[in-house]
Amino acid sequence: MQPIDGHTKLLGLFGDPVEHSFSPQLHNYISEVYGLNYAYGALHVKPKNLEAAVRGIVALGYAGVNVTAPHKIAVMQYLDCISEDAKKYGSVNTIKNVDGKLYGYSTDADGFYLSLLEGGAEVIGKDVLIFGAGGATRPVCVKFAMLGAKSITIINRTQEKADALAAFVKDACAYEVLTKREHSRYDLVINTTTVGMSPNVDACPINDFSFVDANTAAADMIYNPAETVFLRKMKENGAKVCINGLGMLIFQGIVAYEIFTDTKIDRSIYKDIKREVFGL
Ligand code: ATR
């Protein structure tokens, strides 16, 4: 780690909780590799203190902050300007302080898409099946619609939430999302539910894998465990490309870092971050 001095620009993460986050290690590692004088810390912000914390970005001269659960939607009302993409996603995870004005961005969906490309999967022109309709699903779904997925189908335990997400995507980008399985096979199948996440590692969101073949790619937003039961079963049923959630975590951070520092970060740093930060 390079020395922190009087010139160090500050970055941070607002969340509740934040102790589990890998963002400090990830961002500080990039600063070290690129020799940039930034320091990134985790800042535990309770919902009742969110507005004061956002005002604090300007008051304390922070260069920027990332925002994680449960603040990604609530924080939008306190910002001066929100990017067109973040407006469409209805979510902000990156705030940049430019001369006292706060700009909001969302890098989650870009990060997820980059992780799919890195893992050998594509979205454009593909039939995509998504399990789950929670907070993490919305930006991804809108991004896929904007990219030009051939079809997007959302399956969720609570049907109303799938329908509400479909309505949101239609409103944001005039794209018709399906909320029932209508195809016999899919090119890309994604788990965005929390089912199978540590400590409930034996759980799986589905037990019917009939829509999988050798050309189906599988992705899970979960990174702990590295291989969920969902991914293992997708592989056993023929999927050759299986991508876990670590890439999303890393790439959303890389894109956020680029926004904070106006520096182009070589995508190849992904493998170095995996090794140096996650020991993989
Ligand atoms: P959010 O991301 O909005 O905070 P969440 O509570 O973390 O939402 O849940 C994320 C997704 O996992 C949701 O789609 C949720 O399904 P519901 O909308 O029906 O709640 C899904 N999920 C969580 N636990 C589940 C379970 N045991 N079985 C099936 N789906 C589940």
# chains A, B, ... in the order shown; residues from 1 in each chain; ligands from 1

call {"tool": "residues_near_ligand", "arguments": {"ligand": "ligand 1", "cutoff": "10 Å", "atoms": "only C-alpha atoms and all ligand atoms", "output": "PyMOL selection string"}}
result
chain A and resi 69-70+130-138+154-162+191-197+200+203-206

call {"tool": "select_by_dssp", "arguments": {"residues": "region 76-236 of chain A", "states": "alpha helix (DSSP H)", "output": "ChimeraX atom specification"}}
result
/A:84-89,108-119,137-147,159-173,229-236

call {"tool": "closest_residue", "arguments": {"among": "A:Phe144, A:Asn224, A:Met248, A:His7", "to": "His20 (chain A)", "atoms": "only C-alpha atoms"}}
result
A:Asn224

call {"tool": "residues_around", "arguments": {"residues": "Lys48 (chain A)", "least_positions_apart": "3", "cutoff": "12 Å", "atoms": "only C-alpha atoms", "output": "PyMOL selection string"}}
result
chain A and resi 15-16+44-45+51-54+70-71+74-75

call {"tool": "closest_atom_pairs", "arguments": {"of": "region 118-185 of chain A", "to": "region 226-245 of chain A", "cutoff": "9 Å", "atoms": "only C-alpha atoms", "output": "Markdown table"}}
result
| residue | atom | partner | partner_atom | distance |
| --- | --- | --- | --- | --- |
| A:Gly119 | CA | A:Ile243 | CA | 6.0 |
| A:Gly120 | CA | A:Val241 | CA | 6.7 |
| A:Ala121 | CA | A:Val241 | CA | 7.1 |

call {"tool": "residues_around", "arguments": {"residues": "Ile4 (chain A)", "least_positions_apart": "6", "cutoff": "12 Å", "atoms": "only C-alpha atoms", "output": "list in words"}}
result
Leu10, Asn28, Ser31, Glu32, Gly35, Leu36, Asn37, Tyr38, Ala39 and Tyr40 of chain A

call {"tool": "write_last_selection", "arguments": {"atoms": "all heavy atoms", "output": "mmCIF file, in the first residue's frame"}}
result
data_model
loop_
_atom_site.group_PDB
_atom_site.id
_atom_site.type_symbol
_atom_site.label_atom_id
_atom_site.label_comp_id
_atom_site.auth_asym_id
_atom_site.auth_seq_id
_atom_site.Cartn_x
_atom_site.Cartn_y
_atom_site.Cartn_z
ATOM 1 N N LEU A 10 -9.792 10.805 -0.941
ATOM 2 C CA LEU A 10 -10.530 9.781 -0.205
ATOM 3 C C LEU A 10 -11.729 9.238 -0.980
ATOM 4 O O LEU A 10 -12.460 9.981 -1.647
ATOM 5 C CB LEU A 10 -10.998 10.347 1.142
ATOM 6 C CG LEU A 10 -9.861 10.732 2.095
ATOM 7 C CD1 LEU A 10 -10.421 11.375 3.364
ATOM 8 C CD2 LEU A 10 -8.995 9.525 2.451
ATOM 9 N N ASN A 28 -8.218 -0.300 -3.242
ATOM 10 C CA ASN A 28 -6.863 0.060 -2.807
ATOM 11 C C ASN A 28 -5.810 -0.706 -3.612
ATOM 12 O O ASN A 28 -4.721 -0.184 -3.881
ATOM 13 C CB ASN A 28 -6.695 -0.196 -1.302
ATOM 14 C CG ASN A 28 -7.501 0.821 -0.490
ATOM 15 O OD1 ASN A 28 -7.612 1.992 -0.871
ATOM 16 N ND2 ASN A 28 -8.095 0.386 0.607
ATOM 17 N N SER A 31 -5.412 1.192 -6.884
ATOM 18 C CA SER A 31 -4.629 2.417 -6.639
ATOM 19 C C SER A 31 -3.148 2.091 -6.560
ATOM 20 O O SER A 31 -2.298 2.829 -7.091
ATOM 21 C CB SER A 31 -5.065 3.076 -5.321
ATOM 22 O OG SER A 31 -6.371 3.568 -5.441
ATOM 23 N N GLU A 32 -2.840 0.981 -5.900
ATOM 24 C CA GLU A 32 -1.445 0.586 -5.740
ATOM 25 C C GLU A 32 -0.824 0.244 -7.098
ATOM 26 O O GLU A 32 0.256 0.737 -7.430
ATOM 27 C CB GLU A 32 -1.400 -0.635 -4.821
ATOM 28 C CG GLU A 32 -0.040 -0.904 -4.225
ATOM 29 C CD GLU A 32 -0.092 -2.132 -3.323
ATOM 30 O OE1 GLU A 32 -1.081 -2.299 -2.592
ATOM 31 O OE2 GLU A 32 0.846 -2.930 -3.399
ATOM 32 N N GLY A 35 -0.475 3.349 -9.078
ATOM 33 C CA GLY A 35 0.297 4.403 -8.421
ATOM 34 C C GLY A 35 -0.497 5.682 -8.221
ATOM 35 O O GLY A 35 0.046 6.782 -8.305
ATOM 36 N N LEU A 36 -1.799 5.546 -7.974
ATOM 37 C CA LEU A 36 -2.639 6.729 -7.782
ATOM 38 C C LEU A 36 -2.868 6.950 -6.288
ATOM 39 O O LEU A 36 -3.059 5.997 -5.527
ATOM 40 C CB LEU A 36 -3.981 6.546 -8.504
ATOM 41 C CG LEU A 36 -3.874 6.383 -10.027
ATOM 42 C CD1 LEU A 36 -5.253 6.138 -10.645
ATOM 43 C CD2 LEU A 36 -3.228 7.609 -10.656
ATOM 44 N N ASN A 37 -2.851 8.216 -5.890
ATOM 45 C CA ASN A 37 -2.896 8.539 -4.461
ATOM 46 C C ASN A 37 -4.342 8.647 -3.954
ATOM 47 O O ASN A 37 -4.848 9.744 -3.690
ATOM 48 C CB ASN A 37 -2.114 9.834 -4.208
ATOM 49 C CG ASN A 37 -1.818 10.021 -2.728
ATOM 50 O OD1 ASN A 37 -2.217 9.208 -1.890
ATOM 51 N ND2 ASN A 37 -1.137 11.103 -2.396
ATOM 52 N N TYR A 38 -4.988 7.506 -3.870
ATOM 53 C CA TYR A 38 -6.347 7.415 -3.336
ATOM 54 C C TYR A 38 -6.345 6.411 -2.191
ATOM 55 O O TYR A 38 -5.569 5.448 -2.195
ATOM 56 C CB TYR A 38 -7.322 6.899 -4.397
ATOM 57 C CG TYR A 38 -7.691 7.909 -5.461
ATOM 58 C CD1 TYR A 38 -6.866 8.112 -6.560
ATOM 59 C CD2 TYR A 38 -8.871 8.646 -5.370
ATOM 60 C CE1 TYR A 38 -7.204 9.034 -7.546
ATOM 61 C CE2 TYR A 38 -9.219 9.562 -6.349
ATOM 62 C CZ TYR A 38 -8.386 9.750 -7.431
ATOM 63 O OH TYR A 38 -8.723 10.658 -8.396
ATOM 64 N N ALA A 39 -7.241 6.611 -1.217
ATOM 65 C CA ALA A 39 -7.443 5.616 -0.148
ATOM 66 C C ALA A 39 -8.944 5.367 -0.006
ATOM 67 O O ALA A 39 -9.741 6.317 -0.032
ATOM 68 C CB ALA A 39 -6.878 6.123 1.166
ATOM 69 N N TYR A 40 -9.311 4.101 0.116
ATOM 70 C CA TYR A 40 -10.736 3.706 0.097
ATOM 71 C C TYR A 40 -11.062 2.984 1.398
ATOM 72 O O TYR A 40 -10.389 2.028 1.778
ATOM 73 C CB TYR A 40 -10.947 2.774 -1.094
ATOM 74 C CG TYR A 40 -12.376 2.381 -1.409
ATOM 75 C CD1 TYR A 40 -13.000 2.825 -2.575
ATOM 76 C CD2 TYR A 40 -13.097 1.527 -0.572
ATOM 77 C CE1 TYR A 40 -14.298 2.443 -2.887
ATOM 78 C CE2 TYR A 40 -14.396 1.145 -0.880
ATOM 79 C CZ TYR A 40 -14.987 1.602 -2.036
ATOM 80 O OH TYR A 40 -16.271 1.223 -2.340
#

call {"tool": "residues_around", "arguments": {"residues": "region 87-89 of chain A", "least_positions_apart": "5", "cutoff": "12 Å", "atoms": "only C-alpha atoms", "output": "PyMOL selection string"}}
result
chain A and resi 72-73+76-77+79+81-82+103-110+135-146+165+168-174

call {"tool": "select_by_dssp", "arguments": {"residues": "region 73-193 of chain A", "states": "strand (DSSP E)", "output": "list in words"}}
result
Cys81, Ile82, Thr94, Ile95, Lys96, Asn97, Val98, Lys101, Leu102, Tyr103, Gly104, Tyr105, Asp127, Val128, Leu129, Ile130, Phe131, Ser151, Ile152, Thr153, Ile154, Ile155, Leu188, Val189, Ile190 and Asn191 of chain A

call {"tool": "write_last_selection", "arguments": {"atoms": "C-alpha atoms", "output": "PDB file, in the first residue's frame"}}
result
ATOM      1  CA  CYS A  81     -27.277  14.650 -11.338  1.00  0.00           C
ATOM      2  CA  ILE A  82     -27.935  11.021 -12.258  1.00  0.00           C
ATOM      3  CA  THR A  94     -21.305   5.057  -7.508  1.00  0.00           C
ATOM      4  CA  ILE A  95     -21.234   8.755  -6.562  1.00  0.00           C
ATOM      5  CA  LYS A  96     -18.587  11.137  -7.832  1.00  0.00           C
ATOM      6  CA  ASN A  97     -17.904  14.535  -6.287  1.00  0.00           C
ATOM      7  CA  VAL A  98     -17.098  17.052  -9.026  1.00  0.00           C
ATOM      8  CA  LYS A 101     -21.702  18.574  -7.183  1.00  0.00           C
ATOM      9  CA  LEU A 102     -22.656  14.925  -6.744  1.00  0.00           C
ATOM     10  CA  TYR A 103     -23.065  12.716  -9.820  1.00  0.00           C
ATOM     11  CA  GLY A 104     -24.690   9.272  -9.541  1.00  0.00           C
ATOM     12  CA  TYR A 105     -23.866   6.225 -11.696  1.00  0.00           C
ATOM     13  CA  ASP A 127     -32.741 -16.050 -25.168  1.00  0.00           C
ATOM     14  CA  VAL A 128     -32.115 -15.289 -21.490  1.00  0.00           C
ATOM     15  CA  LEU A 129     -33.813 -16.904 -18.501  1.00  0.00           C
ATOM     16  CA  ILE A 130     -33.439 -15.172 -15.140  1.00  0.00           C
ATOM     17  CA  PHE A 131     -34.424 -16.576 -11.748  1.00  0.00           C
ATOM     18  CA  SER A 151     -35.875 -12.506 -25.184  1.00  0.00           C
ATOM     19  CA  ILE A 152     -35.753 -12.091 -21.411  1.00  0.00           C
ATOM     20  CA  THR A 153     -37.823 -14.314 -19.138  1.00  0.00           C
ATOM     21  CA  ILE A 154     -38.020 -13.678 -15.397  1.00  0.00           C
ATOM     22  CA  ILE A 155     -39.140 -16.423 -13.053  1.00  0.00           C
ATOM     23  CA  LEU A 188     -28.175 -17.999 -20.979  1.00  0.00           C
ATOM     24  CA  VAL A 189     -29.652 -18.926 -17.574  1.00  0.00           C
ATOM     25  CA  ILE A 190     -28.935 -16.748 -14.554  1.00  0.00           C
ATOM     26  CA  ASN A 191     -29.627 -17.103 -10.852  1.00  0.00           C
TER      27      ASN A 191
END
